[in-house]
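Presented below is the structure to which this report refers.
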Amino acid sequence: MDTTSDTPTPPPPAPEPRRLTRSTRDRIIGGVSSGIGRYFGIDPALVRIGFVALALLGGIGLIVYGAALLLVPLDEEGAAAPTSPRDRALAISIAIGLIIAGLIFGSFGFIFGGALVPLGFLVLVGVAVWWLATGERPSGSAGDLARRAALGIGLLLTCGALAVASFFASGLGGGVVVAGIVIAAGAALVAAAFVGGARWLVLPALAVALPLAFVSAANIDLDGGFGERRERPATIAELEQTYRLGAGELVVDLRELDLPSGDHPLKVRIGTGHALVLVPEDVCVASSAEVGVGGVTVFDRSSGGIDVDWNDGRRARTGAARLVIEGDVGLGLLEVRHREHDHDRDGPPWQDRDRFGRVTDERNAACATAS
Amino acid sequence: MRGPREIDRLSLVAGLVFVLFGVVLLLDRSDTLHLTFGTMAPMAFAVVGVILLVTGLSRRE
């Protein structure tokens, strides 16, 4: 006798159709690669490599990733908190804004190669800066990512502007004021620590303090003007004791000057840039210089690096004139030469070269011996 | 979560570091000190390092 029940067993439920979703668990940015890997049953790392390769080869990977970020939904865990229409509208607006910015910064005729790669880097830099500044990981909805990228870029631009302003203000003699601002920012941070903190102030304070530290270390003095300046005194009366330039190129051409025997002091000060002193071949040059970052070249001798303390004391031959040069360079190069040339590196290999690789055959020949 | 009266350690330490660094820079700019890269670079790295360290520690908490 058949004892089995006549109750029909319910048919197994039909398998749900596979859905392409973004992973909320295994993700680096938006979970797109992980979702695609899960959908096709391949390692997400391979998908990520593919996206990076496509991003570098013309930027198409960035478009595909951005589109997937906007169109592919999060998986069930992430879907518990769906993106609000307002967030999505904000994300799309910011994405459009970034694309327009990328087109402006890139070239109009080279959209996929010229604009999207810089745009992609801009977005990545923005997200990374925001991550470093706030600790918010680069994950979440498209709206969150776009918002973080925009805030990160804004923070970067603000800090960049502060850093440039701090550099120029410090170099133009306002270092005491800028140092006071750093102290005030520090005091404000200390005070704010007792009422919840003001962590947003750390990066701007750093953006002000570090350029001031650089200016202080290199002793950069931007007072004296900017640009190209060329001085060519024809008589000893026209020869000034000090030539200075804030930033740019300063050329002091003394080759037409008939210097009588004896010592002739000459101070050359440049904040950032290149100072070139051209002297007649019958004049001995004794030189000393302080260089924050850069180098000094006096005919066939040179030195370079940071905190360069140059001293090349020479005595003139009997009856010859001696030019005693005192250089002060913040960031740049001080050169003393007979001829305005030597800026090519293509001379014969047996010819003498300075430490910067330039051909030189000049000598401080009017001096007696090195002291 | 920090309580309403709890001190924000990152702001406190970063603030003190900025005050000290600012005083050193002020002394240099007013010609009381003469700092070079040899002394300034380690100091600047130390400032950044301390801030990063405290940032990391406060996030871990």
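Labeling convention for the structure tokens: chains A, B, ... as they appear, residues from 1 per chain, ligands from 1 in order of appearance.
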Spatial neighbours of Arg363 in chain A, 12 Å, only C-alpha atoms, chain gap at least 5 places, as a PDB file with all heavy atoms, in the first residue's frame:
```pdb
ATOM      1  N   VAL A 279      82.138  90.130 -16.349  1.00  0.00           N
ATOM      2  CA  VAL A 279      83.288  90.975 -15.973  1.00  0.00           C
ATOM      3  C   VAL A 279      84.361  90.918 -17.066  1.00  0.00           C
ATOM      4  O   VAL A 279      84.478  89.918 -17.788  1.00  0.00           O
ATOM      5  CB  VAL A 279      83.897  90.513 -14.621  1.00  0.00           C
ATOM      6  CG1 VAL A 279      82.896  90.658 -13.511  1.00  0.00           C
ATOM      7  CG2 VAL A 279      84.383  89.085 -14.712  1.00  0.00           C
ATOM      8  N   PRO A 280      85.156  92.001 -17.181  1.00  0.00           N
ATOM      9  CA  PRO A 280      86.253  91.973 -18.162  1.00  0.00           C
ATOM     10  C   PRO A 280      87.283  90.913 -17.792  1.00  0.00           C
ATOM     11  O   PRO A 280      87.427  90.547 -16.617  1.00  0.00           O
ATOM     12  CB  PRO A 280      86.847  93.388 -18.054  1.00  0.00           C
ATOM     13  CG  PRO A 280      85.857  94.207 -17.307  1.00  0.00           C
ATOM     14  CD  PRO A 280      85.066  93.275 -16.466  1.00  0.00           C
ATOM     15  N   GLU A 281      88.025  90.465 -18.797  1.00  0.00           N
ATOM     16  CA  GLU A 281      88.975  89.373 -18.543  1.00  0.00           C
ATOM     17  C   GLU A 281      90.177  89.824 -17.741  1.00  0.00           C
ATOM     18  O   GLU A 281      90.884  89.003 -17.157  1.00  0.00           O
ATOM     19  CB  GLU A 281      89.416  88.763 -19.878  1.00  0.00           C
ATOM     20  CG  GLU A 281      88.270  88.082 -20.590  1.00  0.00           C
ATOM     21  CD  GLU A 281      88.726  87.192 -21.737  1.00  0.00           C
ATOM     22  OE1 GLU A 281      89.938  86.973 -21.870  1.00  0.00           O
ATOM     23  OE2 GLU A 281      87.855  86.732 -22.499  1.00  0.00           O
ATOM     24  N   ASP A 282      90.431  91.131 -17.686  1.00  0.00           N
ATOM     25  CA  ASP A 282      91.608  91.604 -16.944  1.00  0.00           C
ATOM     26  C   ASP A 282      91.262  91.970 -15.502  1.00  0.00           C
ATOM     27  O   ASP A 282      92.028  92.652 -14.836  1.00  0.00           O
ATOM     28  CB  ASP A 282      92.236  92.800 -17.667  1.00  0.00           C
ATOM     29  CG  ASP A 282      91.275  93.963 -17.799  1.00  0.00           C
ATOM     30  OD1 ASP A 282      90.057  93.763 -17.542  1.00  0.00           O
ATOM     31  OD2 ASP A 282      91.708  95.078 -18.147  1.00  0.00           O
ATOM     32  N   VAL A 283      90.099  91.560 -15.039  1.00  0.00           N
ATOM     33  CA  VAL A 283      89.694  91.852 -13.661  1.00  0.00           C
ATOM     34  C   VAL A 283      89.653  90.551 -12.865  1.00  0.00           C
ATOM     35  O   VAL A 283      89.087  89.556 -13.308  1.00  0.00           O
ATOM     36  CB  VAL A 283      88.300  92.525 -13.636  1.00  0.00           C
ATOM     37  CG1 VAL A 283      87.773  92.623 -12.214  1.00  0.00           C
ATOM     38  CG2 VAL A 283      88.370  93.903 -14.274  1.00  0.00           C
ATOM     39  N   CYS A 284      90.297  90.593 -11.690  1.00  0.00           N
ATOM     40  CA  CYS A 284      90.262  89.433 -10.794  1.00  0.00           C
ATOM     41  C   CYS A 284      88.956  89.476  -9.996  1.00  0.00           C
ATOM     42  O   CYS A 284      88.492  90.547  -9.608  1.00  0.00           O
ATOM     43  CB  CYS A 284      91.466  89.508  -9.858  1.00  0.00           C
ATOM     44  SG  CYS A 284      91.414  88.308  -8.509  1.00  0.00           S
ATOM     45  N   VAL A 285      88.392  88.331  -9.778  1.00  0.00           N
ATOM     46  CA  VAL A 285      87.120  88.270  -9.035  1.00  0.00           C
ATOM     47  C   VAL A 285      87.310  87.454  -7.766  1.00  0.00           C
ATOM     48  O   VAL A 285      87.714  86.292  -7.818  1.00  0.00           O
ATOM     49  CB  VAL A 285      86.004  87.647  -9.899  1.00  0.00           C
ATOM     50  CG1 VAL A 285      84.733  87.476  -9.069  1.00  0.00           C
ATOM     51  CG2 VAL A 285      85.720  88.504 -11.126  1.00  0.00           C
ATOM     52  N   THR A 297      78.280  79.696  -9.759  1.00  0.00           N
ATOM     53  CA  THR A 297      79.324  79.365 -10.715  1.00  0.00           C
ATOM     54  C   THR A 297      80.172  80.608 -10.928  1.00  0.00           C
ATOM     55  O   THR A 297      79.638  81.661 -11.292  1.00  0.00           O
ATOM     56  CB  THR A 297      78.720  78.924 -12.063  1.00  0.00           C
ATOM     57  OG1 THR A 297      78.071  77.660 -11.895  1.00  0.00           O
ATOM     58  CG2 THR A 297      79.805  78.768 -13.110  1.00  0.00           C
ATOM     59  N   VAL A 298      81.458  80.489 -10.645  1.00  0.00           N
ATOM     60  CA  VAL A 298      82.390  81.590 -10.898  1.00  0.00           C
ATOM     61  C   VAL A 298      83.444  81.044 -11.849  1.00  0.00           C
ATOM     62  O   VAL A 298      84.329  80.296 -11.439  1.00  0.00           O
ATOM     63  CB  VAL A 298      83.011  82.113  -9.590  1.00  0.00           C
ATOM     64  CG1 VAL A 298      83.984  83.255  -9.891  1.00  0.00           C
ATOM     65  CG2 VAL A 298      81.928  82.592  -8.638  1.00  0.00           C
ATOM     66  N   PHE A 299      83.297  81.370 -13.116  1.00  0.00           N
ATOM     67  CA  PHE A 299      84.154  80.859 -14.184  1.00  0.00           C
ATOM     68  C   PHE A 299      84.170  79.332 -14.171  1.00  0.00           C
ATOM     69  O   PHE A 299      83.164  78.714 -14.421  1.00  0.00           O
ATOM     70  CB  PHE A 299      85.569  81.465 -14.084  1.00  0.00           C
ATOM     71  CG  PHE A 299      85.556  82.966 -14.030  1.00  0.00           C
ATOM     72  CD1 PHE A 299      86.066  83.672 -12.957  1.00  0.00           C
ATOM     73  CD2 PHE A 299      84.994  83.699 -15.076  1.00  0.00           C
ATOM     74  CE1 PHE A 299      86.030  85.052 -12.916  1.00  0.00           C
ATOM     75  CE2 PHE A 299      84.945  85.086 -15.043  1.00  0.00           C
ATOM     76  CZ  PHE A 299      85.465  85.756 -13.951  1.00  0.00           C
ATOM     77  N   ASP A 300      85.305  78.745 -13.800  1.00  0.00           N
ATOM     78  CA  ASP A 300      85.398  77.284 -13.872  1.00  0.00           C
ATOM     79  C   ASP A 300      85.120  76.616 -12.533  1.00  0.00           C
ATOM     80  O   ASP A 300      85.324  75.424 -12.379  1.00  0.00           O
ATOM     81  CB  ASP A 300      86.796  76.877 -14.363  1.00  0.00           C
ATOM     82  CG  ASP A 300      87.897  77.447 -13.486  1.00  0.00           C
ATOM     83  OD1 ASP A 300      87.645  78.462 -12.797  1.00  0.00           O
ATOM     84  OD2 ASP A 300      89.002  76.893 -13.475  1.00  0.00           O
ATOM     85  N   ARG A 301      84.671  77.387 -11.556  1.00  0.00           N
ATOM     86  CA  ARG A 301      84.374  76.793 -10.253  1.00  0.00           C
ATOM     87  C   ARG A 301      82.895  76.920  -9.972  1.00  0.00           C
ATOM     88  O   ARG A 301      82.267  77.925 -10.345  1.00  0.00           O
ATOM     89  CB  ARG A 301      85.144  77.502  -9.143  1.00  0.00           C
ATOM     90  CG  ARG A 301      86.629  77.325  -9.250  1.00  0.00           C
ATOM     91  CD  ARG A 301      87.310  77.939  -8.061  1.00  0.00           C
ATOM     92  NE  ARG A 301      88.745  77.630  -8.076  1.00  0.00           N
ATOM     93  CZ  ARG A 301      89.536  77.791  -7.046  1.00  0.00           C
ATOM     94  NH1 ARG A 301      89.060  78.242  -5.897  1.00  0.00           N
ATOM     95  NH2 ARG A 301      90.815  77.503  -7.132  1.00  0.00           N
ATOM     96  N   VAL A 336      79.171  84.130 -12.481  1.00  0.00           N
ATOM     97  CA  VAL A 336      80.129  85.182 -12.843  1.00  0.00           C
ATOM     98  C   VAL A 336      80.902  84.666 -14.047  1.00  0.00           C
ATOM     99  O   VAL A 336      81.497  83.580 -13.989  1.00  0.00           O
ATOM    100  CB  VAL A 336      81.092  85.500 -11.680  1.00  0.00           C
ATOM    101  CG1 VAL A 336      82.062  86.611 -12.088  1.00  0.00           C
ATOM    102  CG2 VAL A 336      80.322  85.900 -10.428  1.00  0.00           C
ATOM    103  N   ARG A 337      80.863  85.415 -15.134  1.00  0.00           N
ATOM    104  CA  ARG A 337      81.495  84.956 -16.373  1.00  0.00           C
ATOM    105  C   ARG A 337      82.120  86.130 -17.113  1.00  0.00           C
ATOM    106  O   ARG A 337      81.843  87.288 -16.811  1.00  0.00           O
ATOM    107  CB  ARG A 337      80.455  84.296 -17.285  1.00  0.00           C
ATOM    108  CG  ARG A 337      79.874  82.997 -16.721  1.00  0.00           C
ATOM    109  CD  ARG A 337      79.095  82.254 -17.789  1.00  0.00           C
ATOM    110  NE  ARG A 337      78.528  81.026 -17.276  1.00  0.00           N
ATOM    111  CZ  ARG A 337      79.194  79.877 -17.118  1.00  0.00           C
ATOM    112  NH1 ARG A 337      80.479  79.815 -17.425  1.00  0.00           N
ATOM    113  NH2 ARG A 337      78.597  78.818 -16.646  1.00  0.00           N
ATOM    114  N   HIS A 338      82.938  85.762 -18.098  1.00  0.00           N
ATOM    115  CA  HIS A 338      83.476  86.782 -18.999  1.00  0.00           C
ATOM    116  C   HIS A 338      82.571  86.960 -20.213  1.00  0.00           C
ATOM    117  O   HIS A 338      82.489  88.048 -20.770  1.00  0.00           O
ATOM    118  CB  HIS A 338      84.877  86.372 -19.494  1.00  0.00           C
ATOM    119  CG  HIS A 338      85.918  86.362 -18.416  1.00  0.00           C
ATOM    120  ND1 HIS A 338      86.095  87.403 -17.540  1.00  0.00           N
ATOM    121  CD2 HIS A 338      86.845  85.424 -18.076  1.00  0.00           C
ATOM    122  CE1 HIS A 338      87.080  87.117 -16.701  1.00  0.00           C
ATOM    123  NE2 HIS A 338      87.545  85.902 -17.002  1.00  0.00           N
ATOM    124  N   ARG A 339      81.953  85.890 -20.630  1.00  0.00           N
ATOM    125  CA  ARG A 339      81.143  85.952 -21.856  1.00  0.00           C
ATOM    126  C   ARG A 339      79.726  85.461 -21.562  1.00  0.00           C
ATOM    127  O   ARG A 339      79.533  84.561 -20.734  1.00  0.00           O
ATOM    128  CB  ARG A 339      81.774  85.087 -22.954  1.00  0.00           C
ATOM    129  CG  ARG A 339      83.137  85.560 -23.377  1.00  0.00           C
ATOM    130  CD  ARG A 339      83.647  84.795 -24.582  1.00  0.00           C
ATOM    131  NE  ARG A 339      83.821  83.357 -24.336  1.00  0.00           N
ATOM    132  CZ  ARG A 339      84.909  82.824 -23.787  1.00  0.00           C
ATOM    133  NH1 ARG A 339      85.912  83.604 -23.407  1.00  0.00           N
ATOM    134  NH2 ARG A 339      85.009  81.524 -23.614  1.00  0.00           N
ATOM    135  N   ASP A 352      86.106  71.441 -20.553  1.00  0.00           N
ATOM    136  CA  ASP A 352      85.685  71.541 -19.149  1.00  0.00           C
ATOM    137  C   ASP A 352      84.210  71.889 -19.060  1.00  0.00           C
ATOM    138  O   ASP A 352      83.686  72.663 -19.836  1.00  0.00           O
ATOM    139  CB  ASP A 352      86.497  72.633 -18.434  1.00  0.00           C
ATOM    140  CG  ASP A 352      87.944  72.222 -18.269  1.00  0.00           C
ATOM    141  OD1 ASP A 352      88.210  71.005 -18.368  1.00  0.00           O
ATOM    142  OD2 ASP A 352      88.786  73.110 -18.074  1.00  0.00           O
ATOM    143  N   ASP A 354      80.982  72.806 -16.093  1.00  0.00           N
ATOM    144  CA  ASP A 354      80.684  73.098 -14.692  1.00  0.00           C
ATOM    145  C   ASP A 354      79.769  72.022 -14.144  1.00  0.00           C
ATOM    146  O   ASP A 354      79.373  71.085 -14.855  1.00  0.00           O
ATOM    147  CB  ASP A 354      80.089  74.503 -14.531  1.00  0.00           C
ATOM    148  CG  ASP A 354      78.743  74.652 -15.231  1.00  0.00           C
ATOM    149  OD1 ASP A 354      78.133  73.617 -15.577  1.00  0.00           O
ATOM    150  OD2 ASP A 354      78.304  75.786 -15.429  1.00  0.00           O
ATOM    151  N   ALA A 368      96.106  86.336  -8.728  1.00  0.00           N
ATOM    152  CA  ALA A 368      97.434  85.764  -8.488  1.00  0.00           C
ATOM    153  C   ALA A 368      97.287  84.297  -8.084  1.00  0.00           C
ATOM    154  O   ALA A 368      97.489  83.391  -8.876  1.00  0.00           O
ATOM    155  CB  ALA A 368      98.149  86.562  -7.427  1.00  0.00           C
TER     156      ALA A 368
END
```
Near chain B, meaning an atom within 9 Å, which residues of chain A appear when counting only C-alpha atoms? Write them as a PDB file with C-alpha atoms, in the first residue's frame.
```
ATOM      1  CA  GLY A 135      39.160  60.652   7.056  1.00  0.00           C
ATOM      2  CA  SER A 170      56.769  86.410   3.440  1.00  0.00           C
ATOM      3  CA  GLY A 173      58.881  91.483   3.974  1.00  0.00           C
ATOM      4  CA  GLY A 174      55.676  90.429   5.668  1.00  0.00           C
ATOM      5  CA  GLY A 175      57.176  87.364   7.319  1.00  0.00           C
ATOM      6  CA  VAL A 176      56.529  88.658  10.834  1.00  0.00           C
ATOM      7  CA  VAL A 177      52.842  89.155  10.027  1.00  0.00           C
ATOM      8  CA  VAL A 178      52.567  85.719   8.430  1.00  0.00           C
ATOM      9  CA  ALA A 179      54.276  84.135  11.443  1.00  0.00           C
ATOM     10  CA  GLY A 180      51.756  85.960  13.615  1.00  0.00           C
ATOM     11  CA  ILE A 181      48.941  84.428  11.547  1.00  0.00           C
ATOM     12  CA  VAL A 182      50.429  80.952  12.110  1.00  0.00           C
ATOM     13  CA  ILE A 183      50.577  81.593  15.859  1.00  0.00           C
ATOM     14  CA  ALA A 184      47.004  82.914  15.853  1.00  0.00           C
ATOM     15  CA  ALA A 185      45.799  79.844  13.932  1.00  0.00           C
ATOM     16  CA  GLY A 186      47.564  77.620  16.462  1.00  0.00           C
ATOM     17  CA  ALA A 187      46.011  79.489  19.375  1.00  0.00           C
ATOM     18  CA  ALA A 188      42.589  79.235  17.741  1.00  0.00           C
ATOM     19  CA  LEU A 189      43.067  75.480  17.360  1.00  0.00           C
ATOM     20  CA  VAL A 190      44.037  75.134  21.015  1.00  0.00           C
ATOM     21  CA  ALA A 191      41.018  77.163  22.117  1.00  0.00           C
ATOM     22  CA  ALA A 192      38.696  75.244  19.793  1.00  0.00           C
ATOM     23  CA  ALA A 193      39.961  71.926  21.159  1.00  0.00           C
ATOM     24  CA  PHE A 194      37.945  72.546  24.331  1.00  0.00           C
ATOM     25  CA  VAL A 195      34.703  73.274  22.511  1.00  0.00           C
ATOM     26  CA  GLY A 196      34.623  70.465  19.971  1.00  0.00           C
ATOM     27  CA  GLY A 197      37.721  71.183  17.864  1.00  0.00           C
ATOM     28  CA  ALA A 198      38.390  72.937  14.574  1.00  0.00           C
ATOM     29  CA  ARG A 199      40.177  70.312  12.540  1.00  0.00           C
ATOM     30  CA  LEU A 201      41.847  74.759  10.332  1.00  0.00           C
ATOM     31  CA  VAL A 202      44.847  72.380  10.301  1.00  0.00           C
ATOM     32  CA  ALA A 205      47.396  76.684   8.813  1.00  0.00           C
ATOM     33  CA  LEU A 206      49.862  74.249   7.284  1.00  0.00           C
ATOM     34  CA  ALA A 209      53.223  77.920   7.666  1.00  0.00           C
ATOM     35  CA  LEU A 210      55.188  75.769   5.215  1.00  0.00           C
ATOM     36  CA  LEU A 212      56.915  80.830   5.308  1.00  0.00           C
ATOM     37  CA  ALA A 213      59.299  78.134   6.552  1.00  0.00           C
ATOM     38  CA  PHE A 214      60.670  77.733   3.007  1.00  0.00           C
ATOM     39  CA  SER A 216      62.857  81.650   6.006  1.00  0.00           C
ATOM     40  CA  ALA A 217      65.144  78.714   5.304  1.00  0.00           C
ATOM     41  CA  ALA A 218      66.182  79.954   1.872  1.00  0.00           C
ATOM     42  CA  ASN A 219      66.224  83.563   3.075  1.00  0.00           C
ATOM     43  CA  GLY A 292      69.387  78.933   0.060  1.00  0.00           C
ATOM     44  CA  VAL A 293      68.614  76.502  -2.744  1.00  0.00           C
ATOM     45  CA  ILE A 306      70.956  73.685  -0.278  1.00  0.00           C
ATOM     46  CA  ASP A 307      72.476  76.088   2.248  1.00  0.00           C
TER      47      ASP A 307
END
```
Backbone DSSP call of alpha helix (DSSP H) for range 110-308 of chain A, listed as an NGL selection string | :A and (116-134 or 142-169 or 175-193 or 202-218)
Which distance in Å separates CA of Ala275 in chain A and CA of Ala163 in chain A, to one decimal?
->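 CA of Ala163 in chain A lies at a distance of 25.6 Å from CA of Ala275 in chain A.
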Using DSSP on the backbone, list every residue of range 143-367 of chain A that comes out as strand (DSSP E), and give them as a ChimeraX atom specification.
-> /A:226-231,242-253,262-278,283-298,301-312,314-316,321-337,367
Length of the CA of Gly120 in chain A to CA of Ile42 in chain A vector [Å] |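 These atoms are spaced 25.4 Å apart.
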